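Student: Coordinates in protein22.tsv, TSV, C-alpha atoms, are listed below.
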```
chain	number	residue	atom	x	y	z
A	261	GLN	CA	23.55	22.44	18.41
A	262	THR	CA	26.74	20.47	19.14
A	263	ILE	CA	28.71	20.38	22.40
A	264	SER	CA	32.50	20.51	22.00
A	265	THR	CA	34.20	18.85	24.96
A	266	GLY	CA	37.82	18.44	26.03
A	267	SER	CA	40.41	19.62	28.53
A	268	ALA	CA	42.87	22.50	28.69
A	269	GLU	CA	44.90	24.44	31.24
A	270	PRO	CA	42.64	25.16	34.23
A	271	ASN	CA	41.02	28.62	34.12
A	272	SER	CA	42.23	29.20	30.56
A	273	THR	CA	39.89	30.55	27.90
A	274	VAL	CA	39.13	27.94	25.26
A	275	THR	CA	38.14	29.09	21.79
A	276	ILE	CA	36.66	26.80	19.15
A	277	LYS	CA	37.18	27.82	15.51
A	278	ASP	CA	36.34	26.30	12.15
A	279	GLY	CA	38.85	25.67	9.37
A	280	LYS	CA	38.40	29.22	8.08
A	281	GLY	CA	39.22	30.79	11.44
A	282	ASN	CA	35.65	31.70	12.34
A	283	ILE	CA	34.97	31.57	16.07
A	284	LEU	CA	32.23	29.03	16.84
A	285	GLY	CA	32.26	29.28	20.63
A	286	THR	CA	34.36	30.19	23.67
A	287	ASP	CA	34.30	29.46	27.40
A	288	SER	CA	36.58	28.99	30.41
A	289	ALA	CA	38.11	25.66	31.34
A	290	GLU	CA	37.20	24.34	34.80
A	291	PRO	CA	39.50	25.74	37.53
A	292	VAL	CA	40.65	22.33	38.80
A	293	SER	CA	40.10	19.72	36.10
A	294	GLY	CA	40.49	21.98	33.08
A	295	ASN	CA	37.53	20.31	31.40
A	296	PHE	CA	35.35	22.37	29.06
A	297	ASN	CA	31.95	21.94	27.41
A	298	ILE	CA	31.29	24.57	24.77
A	299	PRO	CA	28.05	24.70	22.77
A	300	ILE	CA	28.69	25.42	19.09
A	301	THR	CA	26.33	25.75	16.15
A	302	LEU	CA	27.45	24.13	12.92
A	303	PRO	CA	26.07	24.56	9.40
A	304	ASN	CA	24.77	21.71	7.30
A	305	GLY	CA	27.57	19.76	5.67
A	306	PHE	CA	31.27	19.26	6.42
A	307	THR	CA	33.09	21.38	9.03
A	308	THR	CA	36.58	21.13	10.54
A	309	ILE	CA	37.00	22.44	14.11
A	310	MET	CA	40.05	23.18	16.25
A	311	ALA	CA	40.55	24.56	19.77
A	312	THR	CA	43.05	26.93	21.34
A	313	ALA	CA	43.59	27.87	25.00
A	314	THR	CA	44.63	31.30	26.26
A	315	ASP	CA	45.93	31.63	29.81
A	316	LYS	CA	45.52	34.59	32.18
A	317	ALA	CA	48.77	36.12	30.90
A	318	GLY	CA	47.43	36.21	27.36
A	319	ASN	CA	49.53	33.35	26.03
A	320	THR	CA	47.68	31.30	23.39
A	321	SER	CA	48.43	27.68	22.68
A	322	LEU	CA	48.89	26.07	19.31
A	323	PRO	CA	45.65	24.79	17.74
A	324	SER	CA	44.52	21.36	18.80
A	325	GLU	CA	44.28	18.47	16.41
A	326	ALA	CA	41.59	19.18	13.81
A	327	HIS	CA	38.31	17.26	14.03
A	328	SER	CA	36.01	16.84	11.08
A	329	ILE	CA	32.25	16.85	11.64
A	330	VAL	CA	29.47	16.22	9.12
A	331	VAL	CA	26.14	17.78	9.99
A	332	ASP	CA	23.00	16.51	8.24
A	333	LEU	CA	20.06	18.86	8.75
A	334	ILE	CA	18.16	17.89	5.59
A	335	ALA	CA	15.25	15.47	5.87
A	336	PRO	CA	14.83	12.80	3.20
A	337	ASP	CA	12.11	13.12	0.60
A	338	ALA	CA	8.75	11.67	1.58
A	339	PRO	CA	8.42	8.01	0.61
A	340	VAL	CA	5.96	6.82	-2.00
A	341	ILE	CA	3.43	4.04	-1.40
A	342	THR	CA	3.18	2.00	-4.61
A	343	SER	CA	1.02	-0.86	-3.31
A	344	PRO	CA	-1.84	-1.13	-2.61
A	345	ALA	CA	-3.13	1.31	-5.17
A	346	ASP	CA	-5.24	4.25	-4.09
A	347	GLY	CA	-8.91	3.28	-4.13
A	348	THR	CA	-8.29	-0.45	-3.57
A	349	ILE	CA	-11.20	-2.47	-2.21
A	350	THR	CA	-10.13	-5.59	-0.33
A	351	SER	CA	-11.64	-8.39	1.72
A	352	GLU	CA	-8.37	-9.00	3.63
A	353	ASN	CA	-7.78	-7.26	6.97
A	354	ILE	CA	-4.03	-8.03	6.93
A	355	ILE	CA	-2.24	-6.50	3.96
A	356	THR	CA	1.25	-5.82	2.65
A	357	VAL	CA	2.30	-2.23	1.96
A	358	SER	CA	5.26	-1.47	-0.28
A	359	GLY	CA	6.86	1.51	-1.94
A	360	THR	CA	10.03	3.48	-2.60
A	361	ALA	CA	12.10	5.87	-0.50
A	362	ASP	CA	14.97	8.34	-0.71
A	363	LEU	CA	18.32	6.53	-0.80
A	364	SER	CA	19.34	8.29	2.43
A	365	THR	CA	16.44	6.63	4.26
A	366	LYS	CA	17.22	4.29	7.14
A	367	THR	CA	13.67	3.54	8.30
A	368	VAL	CA	10.20	3.81	6.78
A	369	LYS	CA	7.24	3.97	9.13
A	370	VAL	CA	3.76	3.10	7.86
A	371	PHE	CA	0.61	4.57	9.39
A	372	VAL	CA	-3.02	3.45	9.14
A	373	ASN	CA	-5.44	6.24	9.95
A	374	SER	CA	-2.54	8.18	11.55
A	375	VAL	CA	-1.60	5.27	13.87
A	376	GLN	CA	1.78	3.61	13.30
A	377	ALA	CA	1.27	0.10	11.92
A	378	GLY	CA	4.93	-0.90	11.63
A	379	ALA	CA	8.37	0.03	10.33
A	380	THR	CA	10.82	-1.41	7.83
A	381	SER	CA	14.09	-0.59	6.09
A	382	PRO	CA	14.47	-0.04	2.33
A	383	ASN	CA	17.00	-1.99	0.30
A	384	SER	CA	19.95	-0.41	-1.49
A	385	SER	CA	17.63	0.67	-4.31
A	386	GLY	CA	15.21	2.40	-1.93
A	387	VAL	CA	12.50	-0.25	-2.31
A	388	TRP	CA	10.69	-1.25	0.88
A	389	THR	CA	7.96	-3.70	1.92
A	390	LEU	CA	6.04	-4.04	5.16
A	391	SER	CA	3.84	-7.10	5.66
A	392	GLY	CA	1.32	-7.77	8.41
A	393	VAL	CA	-0.32	-4.35	8.25
A	394	LYS	CA	-3.78	-4.54	9.85
A	395	VAL	CA	-6.63	-2.48	8.43
A	396	ASN	CA	-10.12	-1.89	9.78
A	397	ALA	CA	-13.52	-2.45	8.24
A	398	GLY	CA	-14.48	0.48	6.03
A	399	ASN	CA	-12.19	3.26	4.87
A	400	ASN	CA	-8.48	3.18	5.74
A	401	PHE	CA	-5.96	5.90	4.94
A	402	LEU	CA	-2.34	4.77	4.54
A	403	THR	CA	0.64	7.12	4.86
A	404	ALA	CA	4.37	6.69	5.45
A	405	ASN	CA	7.37	8.76	6.46
A	406	ALA	CA	11.14	8.25	6.17
A	407	THR	CA	13.90	8.75	8.73
A	408	ASP	CA	17.58	9.04	7.76
A	409	VAL	CA	20.63	7.97	9.77
A	410	ALA	CA	20.90	11.44	11.32
A	411	GLY	CA	17.36	11.22	12.64
A	412	ASN	CA	15.81	13.70	10.19
A	413	ILE	CA	12.18	12.81	9.48
A	414	SER	CA	10.49	13.44	6.14
A	415	SER	CA	7.02	14.76	5.60
A	416	LEU	CA	4.24	12.21	5.18
A	417	SER	CA	3.74	10.47	1.89
A	418	ALA	CA	0.70	11.03	-0.27
A	419	GLU	CA	-2.32	9.37	1.29
A	420	VAL	CA	-3.54	6.04	-0.11
A	421	LYS	CA	-7.16	5.13	0.55
A	422	ILE	CA	-8.28	1.51	0.74
A	423	PHE	CA	-11.63	0.04	1.72
A	424	LEU	CA	-12.01	-3.19	3.70
A	425	ASP	CA	-15.27	-4.86	2.75
A	426	THR	CA	-16.13	-7.53	5.31
A	427	THR	CA	-19.69	-8.21	4.14
A	428	PRO	CA	-20.18	-10.78	1.35
A	429	PRO	CA	-23.05	-10.25	-1.08
A	430	SER	CA	-26.35	-11.78	-0.13
A	431	GLN	CA	-27.72	-14.77	-1.99
A	432	ILE	CA	-28.77	-14.11	-5.54
A	433	SER	CA	-32.49	-13.42	-5.84
A	434	ASN	CA	-35.11	-13.27	-8.57
A	435	LEU	CA	-33.36	-16.01	-10.52
A	436	SER	CA	-35.24	-16.96	-13.66
A	437	PHE	CA	-34.73	-18.29	-17.17
A	438	TYR	CA	-37.00	-17.57	-20.12
A	439	ASP	CA	-36.90	-18.13	-23.82
A	440	SER	CA	-36.57	-15.16	-26.14
A	441	SER	CA	-40.32	-14.75	-26.28
A	442	GLY	CA	-40.53	-14.59	-22.48
A	443	LYS	CA	-42.89	-17.57	-22.29
A	444	ASP	CA	-41.08	-20.40	-20.51
A	445	ASN	CA	-37.69	-21.87	-19.66
A	446	ALA	CA	-37.32	-23.91	-22.84
A	447	PHE	CA	-35.76	-22.69	-26.07
A	448	SER	CA	-34.66	-24.17	-29.38
A	449	PRO	CA	-31.53	-22.61	-30.88
A	450	ASN	CA	-32.15	-23.85	-34.42
A	451	GLY	CA	-32.02	-20.51	-36.16
A	452	ASP	CA	-35.68	-20.40	-37.19
A	453	GLY	CA	-36.23	-17.13	-35.39
A	454	VAL	CA	-38.55	-18.64	-32.80
A	455	GLN	CA	-37.34	-19.16	-29.25
A	456	ASP	CA	-33.74	-19.28	-30.52
A	457	THR	CA	-32.19	-17.97	-27.27
A	458	GLY	CA	-32.78	-18.19	-23.58
A	459	GLN	CA	-32.27	-15.39	-21.08
A	460	LEU	CA	-31.01	-15.85	-17.52
A	461	ASN	CA	-32.10	-13.11	-15.10
A	462	PHE	CA	-31.00	-12.50	-11.51
A	463	THR	CA	-30.50	-9.79	-8.86
A	464	SER	CA	-27.50	-9.24	-6.56
A	465	ASP	CA	-27.26	-6.69	-3.76
A	466	LYS	CA	-23.73	-5.66	-4.77
A	467	ALA	CA	-21.94	-4.63	-7.91
A	468	GLY	CA	-19.21	-6.95	-9.09
A	469	THR	CA	-18.72	-9.75	-11.57
A	470	ALA	CA	-21.08	-12.66	-12.23
A	471	GLN	CA	-19.54	-16.00	-13.08
A	472	ILE	CA	-22.06	-18.12	-14.94
A	473	ILE	CA	-21.31	-21.80	-15.53
A	474	ILE	CA	-23.63	-23.96	-17.64
A	475	ASP	CA	-23.15	-27.69	-17.06
A	476	THR	CA	-22.97	-28.37	-20.79
A	477	ASN	CA	-21.61	-31.91	-20.41
A	478	ARG	CA	-24.36	-32.65	-17.86
A	479	ASP	CA	-22.11	-34.50	-15.44
A	480	GLY	CA	-23.48	-32.65	-12.44
A	481	ASN	CA	-20.27	-30.66	-11.91
A	482	PHE	CA	-19.63	-27.01	-12.67
A	483	GLU	CA	-16.11	-26.94	-14.10
A	484	LEU	CA	-14.49	-23.76	-15.44
A	485	ASP	CA	-12.25	-25.53	-17.93
A	486	VAL	CA	-14.90	-28.00	-19.18
A	487	ASP	CA	-18.33	-26.38	-19.09
A	488	LYS	CA	-19.48	-23.20	-20.78
A	489	THR	CA	-18.31	-20.33	-18.58
A	490	VAL	CA	-19.23	-16.67	-18.94
A	491	THR	CA	-18.33	-13.64	-16.82
A	492	LEU	CA	-20.12	-10.32	-16.93
A	493	PRO	CA	-20.33	-7.19	-14.79
A	494	THR	CA	-23.28	-6.86	-12.44
A	495	THR	CA	-25.21	-3.89	-11.17
A	496	ALA	CA	-26.31	-3.82	-7.52
A	497	ASP	CA	-30.01	-4.17	-6.72
A	498	ALA	CA	-30.99	-4.32	-10.39
A	499	ASN	CA	-31.87	-6.97	-12.92
A	500	ASN	CA	-28.81	-8.59	-14.47
A	501	SER	CA	-29.14	-10.87	-17.45
A	502	TYR	CA	-27.26	-13.21	-19.77
A	503	VAL	CA	-28.55	-14.43	-23.13
A	504	TRP	CA	-27.54	-17.99	-24.00
A	505	ASP	CA	-27.54	-18.94	-27.65
A	506	GLY	CA	-27.33	-22.66	-26.96
A	507	THR	CA	-23.64	-23.04	-27.82
A	508	GLY	CA	-21.19	-25.06	-25.76
A	509	PRO	CA	-17.74	-24.05	-24.42
A	510	ASP	CA	-16.39	-23.42	-27.94
A	511	GLY	CA	-19.06	-20.79	-28.60
A	512	VAL	CA	-19.92	-22.40	-31.92
A	513	SER	CA	-21.38	-25.89	-31.52
A	514	ILE	CA	-24.99	-26.17	-30.32
A	515	VAL	CA	-25.43	-28.47	-27.32
A	516	ASN	CA	-27.67	-31.52	-27.46
A	517	ASP	CA	-31.34	-31.41	-26.54
A	518	GLY	CA	-32.05	-31.87	-22.85
A	519	LYS	CA	-32.10	-30.18	-19.47
A	520	TYR	CA	-29.11	-28.12	-18.30
A	521	LYS	CA	-28.19	-26.79	-14.89
A	522	ILE	CA	-26.82	-23.28	-14.50
A	523	GLN	CA	-24.70	-21.97	-11.61
A	524	VAL	CA	-24.41	-18.23	-10.91
A	525	VAL	CA	-21.82	-16.81	-8.50
A	526	VAL	CA	-21.47	-13.06	-7.97
A	527	ILE	CA	-18.05	-11.86	-6.83
A	528	ASP	CA	-18.17	-8.32	-5.49
A	529	THR	CA	-15.50	-5.68	-6.13
A	530	SER	CA	-13.55	-6.72	-3.00
A	531	GLY	CA	-13.23	-10.29	-4.25
A	532	ARG	CA	-15.91	-11.84	-2.03
A	533	GLY	CA	-18.40	-14.25	-3.58
```
How would this structure read if it were set down as structure tokens?
Tutor:
Amino acid sequence: QTISTGSAEPNSTVTIKDGKGNILGTDSAEPVSGNFNIPITLPNGFTTIMATATDKAGNTSLPSEAHSIVVDLIAPDAPVITSPADGTITSENIITVSGTADLSTKTVKVFVNSVQAGATSPNSSGVWTLSGVKVNAGNNFLTANATDVAGNISSLSAEVKIFLDTTPPSQISNLSFYDSSGKDNAFSPNGDGVQDTGQLNFTSDKAGTAQIIIDTNRDGNFELDVDKTVTLPTTADANNSYVWDGTGPDGVSIVNDGKYKIQVVVIDTSGRG
């Protein structure tokens, strides 16, 4: 509801009409000051209003100067959270949330578990980003709403679920290396069908990715771009294994005879290792 204010002849009856002549409201001007405050209800969109005053003798004034009013009663569409993706598992408790919004949006508010975490404004293309959003250990549910310049508030966005994993995997256990016959930790990859491969076995308490580096140049360093490096998915609380055929980083040439050190790092699904 809008209040139309102004002044007219004291004690006159003031009538507010729209551009089509429809009466929107009427009331008496104050007896001394002539001021009036008339509540009127306007439809959504553009409306022109004018006022007339009628005195006690029934004389009606000319219409006042026309005033144009734009009423916005329509809320913007709900924004969309595009990052992080639904189902994300992270090890970071401070994240950045971004998305898109209706072009009429002035402000986007982001909520974590229904508590406002911050607000930002979209650019001219409707793209918005809010950094410094704090999430809690475990499940977090992200939503957002949009507010336009008229103060209309959208419905909440679709919910995005992320999981903050604050616990790194425990140390790898049951680490062992056997030849293909399962006898000992020595093998001879000469293609004679006897002890041609060696198998590395280990257990991790979390699913993720194992990064296995074999110090094939035997310099005592485990270097991704120099030594033989292999990655493979791991299963939690189960035996995980990798079969080495004796080749070096190129996957073709057999390494020289000797002892080799192997490093195993398990990186869980949240990126912790």
Student: Would you kindly identify which residues have an atom no farther than 12 Å from (-29.2, -29.2, -23.5), using all atoms listed in the file and the file's own coordinates, and write them out as a PyMOL selection string?
Tutor: chain A and resi 445-449+458+474-479+488+504-508+513-522
Student: Counting all atoms listed in the file, which residue out of A:Val490, A:Pro344, A:Pro336, A:Thr360 sits closest to Thr380 in chain A?
Tutor: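 The closest residue to Thr380 in chain A is A:Thr360.
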Student: Would you mind telling me which residue in A:Asp487, A:Pro291, A:Gly398, A:Ser415 lies nearest to Gly511 in chain A when using only C-alpha atoms?
Tutor: A:Asp487
Student: One number please: CA of Ser358 in chain A to CA of Ser343 in chain A, in Å, one decimal.
Tutor: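 Straight-line distance from CA of Ser358 in chain A to CA of Ser343 in chain A works out to 5.2 Å.
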Student: Considering all atoms listed in the file, can you say which of A:Glu352, A:Glu419, A:Asp408, A:Asp452 comes closest to Asn396 in chain A?
Tutor: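 Smallest separation from Asn396 in chain A among the options: A:Glu352.
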Student: Quick one: distance from CA of Ser351 in chain A to CA of Thr489 in chain A in Å, one decimal?
Tutor: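 Computing it gives 24.5 Å between the two atoms.
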Student: Rounded to one decimal, what separation in Å do you get between CA of Ser441 in chain A and CA of Val524 in chain A?
Tutor: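 Separation of CA of Ser441 in chain A and CA of Val524 in chain A: 22.4 Å.
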Student: Could you name the residues that touch range 278-288 of chain A at 7 Å or less, counting only C-alpha atoms, but leaving out those on the same chain fewer than 4 positions away, as a list of chain:residue names?
Tutor: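 Once the adjacent positions are removed, what remains is A:Asn271, A:Ser272, A:Thr273, A:Val274, A:Phe296, A:Ile298, A:Pro299, A:Ile300, A:Thr301, A:Thr307, A:Thr308, A:Ile309, A:Met310.
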